[in-house]
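Pasting coords.tsv here (TSV, C-alpha atoms):
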chain	number	residue	atom	x	y	z
A	17	MET	CA	4.19	65.74	-84.36
A	18	ARG	CA	7.27	66.75	-86.37
A	19	LEU	CA	7.29	67.05	-90.19
A	20	SER	CA	9.91	65.43	-92.37
A	21	THR	CA	11.81	67.38	-95.03
A	22	LEU	CA	9.18	66.23	-97.56
A	23	GLY	CA	6.33	67.62	-95.50
A	24	ARG	CA	5.01	64.24	-94.34
A	25	PRO	CA	4.52	63.51	-90.64
A	26	GLU	CA	7.30	61.37	-89.19
A	27	ALA	CA	6.62	58.08	-87.42
A	28	PRO	CA	6.37	58.27	-83.64
A	29	SER	CA	9.77	58.10	-82.01
A	30	GLY	CA	11.56	58.96	-78.80
A	31	PRO	CA	9.75	58.27	-75.54
A	32	THR	CA	6.91	56.24	-77.04
A	33	ARG	CA	9.07	53.81	-78.98
A	34	GLY	CA	11.61	53.75	-76.16
A	35	SER	CA	8.89	52.94	-73.64
A	36	ASN	CA	7.73	50.01	-75.74
A	37	ALA	CA	11.26	48.59	-75.90
A	38	VAL	CA	11.83	49.08	-72.18
A	39	ARG	CA	8.49	47.51	-71.33
A	40	THR	CA	9.20	44.48	-73.53
A	41	TRP	CA	12.63	44.06	-71.89
A	42	LEU	CA	11.14	44.24	-68.40
A	43	TYR	CA	8.56	41.58	-69.19
A	44	ILE	CA	11.28	39.32	-70.65
A	45	VAL	CA	13.30	39.68	-67.45
A	46	ALA	CA	10.13	38.98	-65.45
A	47	ALA	CA	9.62	35.77	-67.45
A	48	LEU	CA	13.20	34.77	-66.61
A	49	VAL	CA	12.45	35.33	-62.93
A	50	VAL	CA	9.46	32.99	-63.20
A	51	ALA	CA	11.71	30.41	-64.88
A	52	MET	CA	14.23	30.89	-62.06
A	53	VAL	CA	11.52	30.25	-59.48
A	54	ALA	CA	10.39	27.12	-61.35
A	55	VAL	CA	13.91	25.69	-61.56
A	56	GLY	CA	14.46	26.60	-57.92
A	57	GLY	CA	11.30	24.73	-57.01
A	58	ALA	CA	12.47	21.67	-58.91
A	59	THR	CA	15.83	21.92	-57.18
A	60	ARG	CA	14.11	21.93	-53.81
A	61	LEU	CA	11.66	19.14	-54.59
A	62	THR	CA	14.44	16.89	-55.91
A	63	GLY	CA	16.63	17.59	-52.89
A	64	SER	CA	19.38	19.01	-55.11
A	65	GLY	CA	19.97	22.34	-53.40
A	66	LEU	CA	22.87	21.16	-51.23
A	67	SER	CA	24.77	19.30	-53.95
A	68	ILE	CA	27.10	22.26	-54.60
A	69	THR	CA	28.84	23.13	-51.36
A	70	GLU	CA	30.69	26.27	-52.41
A	71	TRP	CA	29.68	29.71	-53.63
A	72	ARG	CA	31.79	30.64	-56.63
A	73	PRO	CA	29.95	33.43	-58.50
A	74	VAL	CA	32.37	33.45	-61.48
A	75	THR	CA	34.24	30.15	-61.75
A	76	GLY	CA	31.16	28.20	-60.64
A	77	ALA	CA	29.59	28.89	-64.04
A	78	VAL	CA	31.69	26.06	-65.46
A	79	PRO	CA	30.59	22.56	-64.35
A	80	PRO	CA	33.08	19.74	-63.69
A	81	LEU	CA	34.65	18.75	-67.02
A	82	SER	CA	36.80	15.76	-66.11
A	83	ALA	CA	36.50	12.59	-64.05
A	84	ALA	CA	38.87	14.11	-61.49
A	85	ASP	CA	36.71	17.25	-61.23
A	86	TRP	CA	33.58	15.16	-60.68
A	87	ALA	CA	35.32	13.04	-58.06
A	88	ASN	CA	36.40	16.21	-56.25
A	89	GLU	CA	32.86	17.64	-56.22
A	90	PHE	CA	31.42	14.32	-55.11
A	91	ASP	CA	33.91	14.13	-52.24
A	92	LYS	CA	32.77	17.55	-51.05
A	93	TYR	CA	29.14	16.45	-51.13
A	94	ARG	CA	29.88	13.22	-49.28
A	95	ASP	CA	31.19	15.36	-46.44
A	96	THR	CA	27.77	17.00	-45.95
A	97	PRO	CA	25.19	15.96	-43.34
A	98	GLN	CA	22.60	15.46	-46.11
A	99	TYR	CA	24.72	12.74	-47.73
A	100	ARG	CA	25.63	11.03	-44.47
A	101	ILE	CA	22.05	11.05	-43.13
A	102	LEU	CA	19.87	10.71	-46.24
A	103	ASN	CA	21.95	9.68	-49.24
A	104	GLN	CA	24.58	7.34	-47.85
A	105	GLY	CA	25.78	5.05	-50.62
A	106	MET	CA	24.62	7.29	-53.48
A	107	GLY	CA	26.58	6.71	-56.69
A	108	LEU	CA	28.26	9.30	-58.88
A	109	ALA	CA	25.56	9.06	-61.58
A	110	ASP	CA	22.82	9.99	-59.10
A	111	PHE	CA	24.98	12.79	-57.70
A	112	LYS	CA	25.36	14.26	-61.19
A	113	VAL	CA	21.56	14.55	-61.48
A	114	LEU	CA	21.42	16.49	-58.22
A	115	TYR	CA	24.40	18.60	-59.20
A	116	PHE	CA	23.02	19.67	-62.57
A	117	TRP	CA	19.71	20.81	-61.07
A	118	GLU	CA	21.52	23.13	-58.67
A	119	TRP	CA	24.11	24.16	-61.26
A	120	GLY	CA	21.32	24.98	-63.74
A	121	HIS	CA	19.57	27.08	-61.09
A	122	ARG	CA	22.72	29.07	-60.41
A	123	LEU	CA	23.57	29.41	-64.10
A	124	LEU	CA	20.10	30.77	-64.83
A	125	GLY	CA	20.65	33.28	-62.04
A	126	ARG	CA	23.86	34.46	-63.70
A	127	PHE	CA	22.11	34.74	-67.07
A	128	LEU	CA	19.26	36.65	-65.44
A	129	GLY	CA	21.73	39.15	-64.01
A	130	LEU	CA	23.25	39.75	-67.45
A	131	ALA	CA	19.79	40.01	-69.05
A	132	PHE	CA	18.96	42.73	-66.54
A	133	PHE	CA	22.13	44.80	-66.36
A	134	LEU	CA	23.39	44.78	-69.96
A	135	PRO	CA	20.16	46.11	-71.55
A	136	LEU	CA	19.82	48.53	-68.63
A	137	LEU	CA	23.19	50.06	-69.52
A	138	TRP	CA	22.11	50.32	-73.16
A	139	PHE	CA	18.79	51.97	-72.36
A	140	TRP	CA	20.52	54.30	-69.92
A	141	TRP	CA	23.09	55.27	-72.53
A	142	ARG	CA	20.33	55.99	-75.07
A	143	GLY	CA	18.51	58.22	-72.61
A	144	LEU	CA	15.40	56.02	-72.53
A	145	VAL	CA	15.30	55.63	-68.75
A	146	GLY	CA	13.72	58.48	-66.82
A	147	ARG	CA	14.73	59.31	-63.27
A	148	ARG	CA	11.80	57.61	-61.60
A	149	LEU	CA	12.15	54.43	-63.65
A	150	GLY	CA	15.91	54.49	-63.17
A	151	LEU	CA	15.63	54.63	-59.41
A	152	GLY	CA	13.18	51.74	-59.48
A	153	LEU	CA	15.53	49.67	-61.63
A	154	LEU	CA	18.45	50.51	-59.36
A	155	ALA	CA	16.44	49.27	-56.38
A	156	LEU	CA	15.64	46.04	-58.23
A	157	GLY	CA	19.31	45.58	-59.08
A	158	LEU	CA	20.22	45.90	-55.41
A	159	LEU	CA	17.47	43.43	-54.53
A	160	GLY	CA	18.93	41.03	-57.08
A	161	GLY	CA	22.33	41.23	-55.42
A	162	LEU	CA	20.73	40.70	-52.03
A	163	GLN	CA	18.83	37.72	-53.44
A	164	GLY	CA	22.05	36.03	-54.50
A	165	THR	CA	23.56	36.56	-51.06
A	166	VAL	CA	20.45	35.25	-49.32
A	167	GLY	CA	20.53	32.23	-51.63
A	168	TRP	CA	24.00	31.29	-50.45
A	169	ILE	CA	23.12	31.96	-46.78
A	170	MET	CA	20.16	29.62	-47.32
A	171	VAL	CA	22.38	26.88	-48.78
A	172	ALA	CA	24.93	27.33	-45.99
A	173	SER	CA	22.18	26.77	-43.42
A	174	GLY	CA	21.64	23.29	-44.86
A	175	LEU	CA	25.33	22.40	-44.60
A	176	LYS	CA	25.46	22.78	-40.83
A	177	PRO	CA	25.85	19.67	-38.66
A	178	GLY	CA	22.64	17.67	-38.37
A	179	MET	CA	20.88	19.50	-41.23
A	180	THR	CA	19.56	17.63	-44.26
A	181	ALA	CA	17.79	20.60	-45.89
A	182	VAL	CA	17.92	24.37	-45.81
A	183	ALA	CA	16.30	26.34	-42.98
A	184	PRO	CA	12.58	26.97	-43.72
A	185	LEU	CA	12.73	30.65	-42.80
A	186	LYS	CA	15.67	31.28	-45.11
A	187	LEU	CA	13.93	29.41	-47.94
A	188	ALA	CA	10.79	31.52	-47.42
A	189	ILE	CA	12.83	34.75	-47.49
A	190	HIS	CA	14.64	33.59	-50.65
A	191	LEU	CA	11.35	32.82	-52.42
A	192	THR	CA	9.71	36.03	-51.25
A	193	LEU	CA	12.63	38.17	-52.44
A	194	ALA	CA	12.38	36.55	-55.89
A	195	SER	CA	8.65	37.26	-55.89
A	196	LEU	CA	9.23	40.86	-54.82
A	197	ILE	CA	11.68	41.33	-57.69
A	198	LEU	CA	9.11	39.85	-60.08
A	199	ALA	CA	6.41	42.19	-58.77
A	200	GLY	CA	8.77	45.17	-59.11
A	201	LEU	CA	9.60	44.32	-62.71
A	202	VAL	CA	5.96	43.94	-63.65
A	203	TRP	CA	5.00	47.12	-61.78
A	204	LEU	CA	7.61	49.15	-63.68
A	205	ALA	CA	6.68	47.54	-66.99
A	206	ALA	CA	3.00	48.31	-66.53
A	207	GLY	CA	3.94	51.88	-65.65
A	208	GLU	CA	5.62	52.28	-69.05
A	209	ARG	CA	2.30	52.08	-70.86
A	210	ARG	CA	1.59	55.40	-72.59
A	211	ASP	CA	-2.13	55.07	-73.22
A	212	ALA	CA	-4.47	57.29	-71.24
A	213	ARG	CA	-6.12	55.36	-68.44
A	214	PRO	CA	-8.39	56.74	-65.71
A	215	ALA	CA	-7.62	55.85	-62.12
A	216	ALA	CA	-9.98	53.40	-60.44
A	217	PRO	CA	-12.35	54.78	-57.78
A	218	GLY	CA	-10.80	55.07	-54.33
A	219	ARG	CA	-12.25	51.90	-52.78
A	220	LEU	CA	-11.43	49.75	-55.79
A	221	ARG	CA	-7.95	51.26	-56.04
A	222	ALA	CA	-7.20	50.50	-52.39
A	223	ALA	CA	-8.39	46.90	-52.78
A	224	ALA	CA	-6.31	46.46	-55.94
A	225	LEU	CA	-3.20	47.69	-54.12
A	226	ALA	CA	-3.85	45.38	-51.17
A	227	LEU	CA	-4.10	42.20	-53.26
A	228	PRO	CA	-0.41	41.97	-54.32
A	229	ALA	CA	0.62	42.47	-50.69
A	230	LEU	CA	-1.63	39.59	-49.63
A	231	VAL	CA	-0.25	37.38	-52.41
A	232	LEU	CA	3.33	38.14	-51.33
A	233	ALA	CA	2.44	37.24	-47.75
A	234	GLN	CA	0.95	33.96	-48.98
A	235	ILE	CA	4.06	33.20	-51.02
A	236	PHE	CA	6.15	33.68	-47.88
A	237	LEU	CA	3.90	31.25	-46.03
A	238	GLY	CA	4.17	28.85	-48.96
A	239	GLY	CA	7.95	29.02	-48.60
A	240	LEU	CA	7.60	28.01	-44.94
A	241	VAL	CA	5.35	25.12	-45.97
A	242	ALA	CA	7.92	23.96	-48.52
A	243	GLY	CA	10.86	24.36	-46.17
A	244	SER	CA	9.23	22.50	-43.28
A	245	HIS	CA	7.65	19.84	-45.58
A	246	ALA	CA	4.28	20.76	-44.06
A	247	GLY	CA	2.56	19.71	-47.28
A	248	LEU	CA	3.27	16.08	-46.38
A	249	LEU	CA	1.09	16.36	-43.27
A	250	TYR	CA	-2.70	16.61	-43.03
A	251	ASN	CA	-3.31	15.54	-46.63
A	252	THR	CA	-7.06	16.03	-46.32
A	253	TRP	CA	-9.37	18.91	-47.18
A	254	PRO	CA	-11.37	20.87	-46.02
A	255	THR	CA	-10.48	19.41	-42.63
A	256	MET	CA	-7.05	18.67	-41.25
A	257	ASP	CA	-7.42	14.98	-40.42
A	258	GLY	CA	-11.03	15.47	-39.37
A	259	ALA	CA	-10.72	18.87	-37.63
A	260	LEU	CA	-11.20	22.28	-39.18
A	261	VAL	CA	-8.58	23.57	-36.74
A	262	PRO	CA	-6.12	21.19	-35.02
A	263	PRO	CA	-5.96	21.24	-31.22
A	264	HIS	CA	-4.13	24.09	-29.52
A	265	ALA	CA	-1.56	21.67	-28.14
A	266	GLU	CA	-0.54	20.72	-31.69
A	267	LEU	CA	-0.54	24.26	-33.01
A	268	PHE	CA	1.73	25.55	-30.24
A	269	ALA	CA	3.80	22.52	-29.32
A	270	VAL	CA	7.13	24.32	-29.80
A	271	THR	CA	8.72	26.50	-27.13
A	272	PRO	CA	9.01	29.49	-27.27
A	273	TRP	CA	5.58	29.92	-28.81
A	274	ILE	CA	6.70	32.40	-31.48
A	275	GLU	CA	8.79	29.71	-33.18
A	276	ASN	CA	5.65	27.72	-33.96
A	277	PHE	CA	4.87	30.15	-36.78
A	278	VAL	CA	8.07	29.01	-38.55
A	279	ASP	CA	8.98	25.57	-37.24
A	280	ASN	CA	5.66	23.92	-36.37
A	281	ALA	CA	4.44	22.24	-39.57
A	282	THR	CA	0.86	22.05	-38.24
A	283	LEU	CA	0.54	25.78	-37.65
A	284	VAL	CA	2.48	26.59	-40.82
A	285	GLN	CA	0.03	24.61	-42.95
A	286	LEU	CA	-3.00	26.06	-41.16
A	287	ASN	CA	-1.78	29.62	-41.72
A	288	HIS	CA	-1.20	28.88	-45.41
A	289	ARG	CA	-4.75	27.56	-45.72
A	290	LEU	CA	-6.31	30.51	-43.91
A	291	VAL	CA	-4.52	33.15	-45.97
A	292	ALA	CA	-5.53	31.29	-49.15
A	293	TYR	CA	-9.17	31.57	-48.12
A	294	LEU	CA	-8.67	35.26	-47.32
A	295	ILE	CA	-7.13	35.99	-50.73
A	296	VAL	CA	-9.87	34.16	-52.62
A	297	LEU	CA	-12.62	35.91	-50.67
A	298	ALA	CA	-10.94	39.32	-51.07
A	299	ALA	CA	-10.40	38.80	-54.81
A	300	LEU	CA	-13.98	37.64	-55.40
A	301	ALA	CA	-15.40	40.52	-53.36
A	302	HIS	CA	-13.22	42.97	-55.27
A	303	ALA	CA	-14.33	41.55	-58.63
A	304	VAL	CA	-18.02	41.78	-57.65
A	305	ASP	CA	-17.51	45.32	-56.35
A	306	ALA	CA	-15.80	46.36	-59.59
A	307	TRP	CA	-18.60	44.83	-61.65
A	308	LEU	CA	-21.40	46.45	-59.64
A	309	SER	CA	-19.57	49.78	-59.69
A	310	ARG	CA	-19.29	49.57	-63.48
A	311	ALA	CA	-15.70	50.74	-63.22
A	312	ALA	CA	-14.11	51.74	-66.51
A	313	GLY	CA	-10.57	51.46	-67.83
A	314	GLY	CA	-10.43	47.67	-67.73
A	315	VAL	CA	-10.82	47.53	-63.94
A	316	ARG	CA	-13.67	45.01	-64.07
A	317	GLU	CA	-11.88	42.68	-66.46
A	318	ARG	CA	-8.61	42.79	-64.52
A	319	ALA	CA	-10.35	42.24	-61.19
A	320	ALA	CA	-12.16	39.24	-62.65
A	321	GLY	CA	-8.84	37.89	-63.92
A	322	VAL	CA	-7.23	38.17	-60.49
A	323	ALA	CA	-10.20	36.41	-58.89
A	324	ALA	CA	-10.16	33.60	-61.48
A	325	LEU	CA	-6.44	32.98	-61.00
A	326	ALA	CA	-6.79	33.05	-57.22
A	327	VAL	CA	-9.56	30.44	-57.31
A	328	ALA	CA	-7.53	28.28	-59.72
A	329	GLN	CA	-4.48	28.55	-57.48
A	330	MET	CA	-6.45	27.48	-54.43
A	331	GLY	CA	-7.88	24.53	-56.35
A	332	LEU	CA	-4.41	23.49	-57.50
A	333	GLY	CA	-3.14	23.86	-53.94
A	334	ILE	CA	-5.86	21.52	-52.69
A	335	VAL	CA	-4.97	18.95	-55.37
A	336	THR	CA	-1.28	19.25	-54.48
A	337	LEU	CA	-2.06	18.67	-50.81
A	338	LEU	CA	-4.36	15.69	-51.42
A	339	LEU	CA	-1.72	14.05	-53.63
A	340	ALA	CA	1.02	14.67	-51.01
A	341	VAL	CA	2.98	17.09	-53.22
A	342	PRO	CA	4.10	15.21	-56.34
A	343	LEU	CA	6.78	17.01	-58.32
A	344	TRP	CA	4.49	18.18	-61.15
A	345	ALA	CA	1.84	19.55	-58.80
A	346	GLY	CA	4.32	21.27	-56.51
A	347	LEU	CA	5.97	23.01	-59.47
A	348	ALA	CA	2.65	23.97	-61.06
A	349	HIS	CA	1.43	25.40	-57.75
A	350	GLN	CA	4.58	27.48	-57.37
A	351	VAL	CA	4.49	28.81	-60.94
A	352	LEU	CA	0.78	29.64	-60.79
A	353	ALA	CA	1.47	31.62	-57.61
A	354	MET	CA	3.78	33.78	-59.73
A	355	GLY	CA	0.94	34.15	-62.24
A	356	VAL	CA	-1.43	35.37	-59.54
A	357	LEU	CA	1.20	37.83	-58.32
A	358	VAL	CA	1.84	39.17	-61.83
A	359	MET	CA	-1.87	39.67	-62.55
A	360	ALA	CA	-2.52	41.31	-59.18
A	361	THR	CA	0.50	43.62	-59.60
A	362	VAL	CA	-0.46	44.72	-63.11
A	363	HIS	CA	-4.01	45.33	-61.92
A	364	ALA	CA	-2.78	47.40	-58.98
A	365	ARG	CA	-0.44	49.52	-61.11
A	366	LEU	CA	-2.98	50.21	-63.84
A	367	SER	CA	-5.63	51.04	-61.24
A	368	LEU	CA	-3.58	54.12	-60.38
A	369	GLY	CA	-4.28	55.48	-63.86
A	370	SER	CA	-1.90	57.00	-66.40
A	371	GLU	CA	-1.61	59.92	-68.78
A	372	ALA	CA	-1.36	59.59	-72.53
A	373	ALA	CA	1.68	59.81	-74.80
A	374	ALA	CA	5.07	60.96	-73.55
A	375	PRO	CA	6.06	61.59	-69.93
A	376	ALA	CA	5.37	64.99	-68.47
A	377	ARG	CA	7.66	67.73	-69.73
A	378	GLY	CA	10.41	68.77	-67.41
A	379	GLU	CA	11.20	65.28	-66.16
A	380	THR	CA	14.95	65.00	-65.71
A	381	ALA	CA	16.45	62.24	-67.83
A	382	PHE	CA	18.22	59.53	-65.92
A	383	GLY	CA	20.85	58.56	-68.48
A	384	PHE	CA	22.92	59.92	-71.32
A	385	GLU	CA	20.26	62.40	-72.33
A	386	GLY	CA	20.65	64.13	-68.98
A	387	LEU	CA	24.43	64.16	-69.27
A	388	ALA	CA	24.37	65.62	-72.77
A	389	GLY	CA	21.74	68.21	-71.93
A	390	GLY	CA	19.49	67.20	-74.79
A	391	GLY	CA	18.24	64.42	-77.03
A	392	ILE	CA	20.24	61.95	-79.04

Whole structure given in structure tokens:
Amino acid sequence: MRLSTLGRPEAPSGPTRGSNAVRTWLYIVAALVVAMVAVGGATRLTGSGLSITEWRPVTGAVPPLSAADWANEFDKYRDTPQYRILNQGMGLADFKVLYFWEWGHRLLGRFLGLAFFLPLLWFWWRGLVGRRLGLGLLALGLLGGLQGTVGWIMVASGLKPGMTAVAPLKLAIHLTLASLILAGLVWLAAGERRDARPAAPGRLRAAALALPALVLAQIFLGGLVAGSHAGLLYNTWPTMDGALVPPHAELFAVTPWIENFVDNATLVQLNHRLVAYLIVLAALAHAVDAWLSRAAGGVRERAAGVAALAVAQMGLGIVTLLLAVPLWAGLAHQVLAMGVLVMATVHARLSLGSEAAAPARGETAFGFEGLAGGGI
């Protein structure tokens, strides 16, 4: 600790304070990602995703401002298969509702990009981003760019002849990429904690690391369910219309057989159910193991939190299915999935342990501090 000119110890500064600011920023961006997922879910559930037929990253930030602009956008939509097949005769007022859902989703994406890159440049300039964190943030930035591209590819798939919605596989990839970005943000934020924390025992640490991967896989399957509208079938539980497992002929009715895992709503829903059971069982077993092992460092509490959220998410999923996916339940189920992922990711990262105070000496600075050869 340094002394001031008056002989009194100075307040902590440098890496510790910088880490707190960076961690707060990362969690804010993570919250924006969750909001983005929620608005995207509403866009999908309201059938609004195909209302904007062009990808204009810059000029598209401004909505139609005149009657002529609205008429032009409406004419473009009326040329889509979704309008001709599903929404023939829709009026301009109804189109505006669809349009603003999709426009809001895209606008939030633009704001999210600014909320990520502008503070990143500031923290980099101040030398508060170490090499390892900087590389992780760079990877997330690239993933964000890829996510925007995949989003447009997804929309374009729904504008093809005969299509009234986006392709399920592309929707699942789009949702999973968003979830992966969220997990990355939370992982990096949790890694910025500077309190000493022992690593969890090997078995518990391995289980903690496996849980976020399972949740991501389940989110991908949930995207397939949403894209294929599989939640509107077999609205019973625990059976699927009286059978624990539907007949083989229904599960593999599509040729070639591999396409059933994406395009067959029966198999898609069954897989989503089975992985939900697996996650709940794995989370409960992990929580019991952590409790019996008397693991320290908050491992028991975090494991119990993951298990509780997983059980709640399964319960909400069952309610959503039984009610045939009303808007409120579908959105709540999607947002709570992000909550499970966040908790599991934080638990996994903290289970690796951490050292106290500042980063290890000798770490090369990633930003201005490295360029200047010293501190600011």

- Message: So, with all atoms listed in the file as the atoms that count, which of A:Val145, A:Ala353, A:Ile68, A:Ala155 lies closest to Tyr115 (chain A)?
- Response: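 Checking each candidate against Tyr115 (chain A), we get A:Ile68 as the closest.
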
Give me, as CSV, the closest atom pair and its distance (Å, one decimal) for every residue of region 188-297 of chain A within a cut-off of 12 Å of region 167-172 of chain A, counting only C-alpha atoms, rows sorted by chain and rising number.
residue,atom,partner,partner_atom,distance
A:Ala188,CA,A:Met170,CA,9.6
A:Ile189,CA,A:Met170,CA,8.9
A:His190,CA,A:Gly167,CA,6.1
A:Leu191,CA,A:Gly167,CA,9.2
A:Thr192,CA,A:Gly167,CA,11.5
A:Leu193,CA,A:Gly167,CA,9.9
A:Ala194,CA,A:Gly167,CA,10.2
A:Gly243,CA,A:Met170,CA,10.7

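Each of A:Trp41, A:Ala205, A:Trp86, A:Pro80 was compared to Phe133 (chain A) using only C-alpha atoms, and A:Trp41 turns out to be the nearest.
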
Within 9 Å of region 250-257 of chain A, which residues of region 285-341 of chain A show up? Give each one with its shortest atom-to-atom distance in Å (one decimal) and the two atoms involved, counting only C-alpha atoms, rows by chain then rising residue number, as CSV.
residue,atom,partner,partner_atom,distance
A:Gln285,CA,A:Tyr250,CA,8.5
A:Leu286,CA,A:Met256,CA,8.4
A:Ile334,CA,A:Trp253,CA,7.0
A:Thr336,CA,A:Asn251,CA,8.9
A:Leu337,CA,A:Asn251,CA,5.4
A:Leu338,CA,A:Asn251,CA,4.9
A:Leu339,CA,A:Asn251,CA,7.3
A:Ala340,CA,A:Asn251,CA,6.2

Go ahead and find all residues with at least one atom no further than 10 Å from (27.1, 15.3, -52.0) in the file's coordinates, using all atoms listed in the file; report them as a short mmCIF file (atom, residue, chain, number, x, y, z; two decimals) with C-alpha atoms, keeping the file's coordinate frame.
data_model
loop_
_atom_site.label_atom_id
_atom_site.label_comp_id
_atom_site.auth_asym_id
_atom_site.auth_seq_id
_atom_site.Cartn_x
_atom_site.Cartn_y
_atom_site.Cartn_z
CA SER A 64 19.38 19.01 -55.11
CA LEU A 66 22.87 21.16 -51.23
CA SER A 67 24.77 19.30 -53.95
CA ILE A 68 27.10 22.26 -54.60
CA THR A 69 28.84 23.13 -51.36
CA GLU A 89 32.86 17.64 -56.22
CA PHE A 90 31.42 14.32 -55.11
CA ASP A 91 33.91 14.13 -52.24
CA LYS A 92 32.77 17.55 -51.05
CA TYR A 93 29.14 16.45 -51.13
CA ARG A 94 29.88 13.22 -49.28
CA ASP A 95 31.19 15.36 -46.44
CA THR A 96 27.77 17.00 -45.95
CA PRO A 97 25.19 15.96 -43.34
CA GLN A 98 22.60 15.46 -46.11
CA TYR A 99 24.72 12.74 -47.73
CA ARG A 100 25.63 11.03 -44.47
CA ASN A 103 21.95 9.68 -49.24
CA GLN A 104 24.58 7.34 -47.85
CA MET A 106 24.62 7.29 -53.48
CA GLY A 107 26.58 6.71 -56.69
CA LEU A 108 28.26 9.30 -58.88
CA ASP A 110 22.82 9.99 -59.10
CA PHE A 111 24.98 12.79 -57.70
CA LYS A 112 25.36 14.26 -61.19
CA LEU A 114 21.42 16.49 -58.22
CA TYR A 115 24.40 18.60 -59.20
#

- Message: I need the residue nearest Thr165 (chain A) from this list: A:Trp71, A:Trp141, A:Trp273, A:Tyr43. Use all atoms listed in the file for the distance.
- Response: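 Of the candidates, the smallest distance to Thr165 (chain A) is held by A:Trp71.
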
- Message: Please compute the CA of Phe277 (chain A)-CA of Ala229 (chain A) distance, one decimal, in Å.
- Response: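 Between these atoms lies a distance of 19.1 Å.
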
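Minimum atom-to-atom distance to Gly369 (chain A), evaluated using only C-alpha atoms, belongs to A:Pro214 out of A:Glu275, A:Phe116, A:Val270, A:Pro214.
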
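Closest approach to Ala360 (chain A) from the set A:Ala292, A:Ala328, A:Ala320, A:Ala224 is made by A:Ala224, with distances taken over only C-alpha atoms.
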
- What separation in Å, quoted to one decimal, exists between CA of Ala269 (chain A) and CA of Thr62 (chain A)?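 Separation between CA of Ala269 (chain A) and CA of Thr62 (chain A): 29.2 Å.
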
Give me the residues within 12 Å of Leu136 (chain A) as a PDB file with C-alpha atoms, in the frame of the given file, counting only C-alpha atoms and dropping any in the same chain fewer than 3 places off.
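Final output, saved to around26.pdb:
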ATOM      1  CA  ALA A  37      11.260  48.590 -75.900  1.00  0.00           C
ATOM      2  CA  VAL A  38      11.830  49.080 -72.180  1.00  0.00           C
ATOM      3  CA  ARG A  39       8.490  47.510 -71.330  1.00  0.00           C
ATOM      4  CA  TRP A  41      12.630  44.060 -71.890  1.00  0.00           C
ATOM      5  CA  LEU A  42      11.140  44.240 -68.400  1.00  0.00           C
ATOM      6  CA  VAL A  45      13.300  39.680 -67.450  1.00  0.00           C
ATOM      7  CA  GLY A 129      21.730  39.150 -64.010  1.00  0.00           C
ATOM      8  CA  LEU A 130      23.250  39.750 -67.450  1.00  0.00           C
ATOM      9  CA  ALA A 131      19.790  40.010 -69.050  1.00  0.00           C
ATOM     10  CA  PHE A 132      18.960  42.730 -66.540  1.00  0.00           C
ATOM     11  CA  PHE A 133      22.130  44.800 -66.360  1.00  0.00           C
ATOM     12  CA  PHE A 139      18.790  51.970 -72.360  1.00  0.00           C
ATOM     13  CA  TRP A 140      20.520  54.300 -69.920  1.00  0.00           C
ATOM     14  CA  TRP A 141      23.090  55.270 -72.530  1.00  0.00           C
ATOM     15  CA  ARG A 142      20.330  55.990 -75.070  1.00  0.00           C
ATOM     16  CA  GLY A 143      18.510  58.220 -72.610  1.00  0.00           C
ATOM     17  CA  LEU A 144      15.400  56.020 -72.530  1.00  0.00           C
ATOM     18  CA  VAL A 145      15.300  55.630 -68.750  1.00  0.00           C
ATOM     19  CA  GLY A 146      13.720  58.480 -66.820  1.00  0.00           C
ATOM     20  CA  LEU A 149      12.150  54.430 -63.650  1.00  0.00           C
ATOM     21  CA  GLY A 150      15.910  54.490 -63.170  1.00  0.00           C
ATOM     22  CA  LEU A 151      15.630  54.630 -59.410  1.00  0.00           C
ATOM     23  CA  GLY A 152      13.180  51.740 -59.480  1.00  0.00           C
ATOM     24  CA  LEU A 153      15.530  49.670 -61.630  1.00  0.00           C
ATOM     25  CA  LEU A 154      18.450  50.510 -59.360  1.00  0.00           C
ATOM     26  CA  LEU A 156      15.640  46.040 -58.230  1.00  0.00           C
ATOM     27  CA  GLY A 157      19.310  45.580 -59.080  1.00  0.00           C
ATOM     28  CA  PHE A 382      18.220  59.530 -65.920  1.00  0.00           C
ATOM     29  CA  GLY A 383      20.850  58.560 -68.480  1.00  0.00           C
TER      30      GLY A 383
END

- Item | Spatial neighbours of Leu48 (chain A), 9 Å, only C-alpha atoms, chain gap at least 3 places, as an MDAnalysis selection string | chainID A and resid 43:45 51:53 124:125 127:128 131
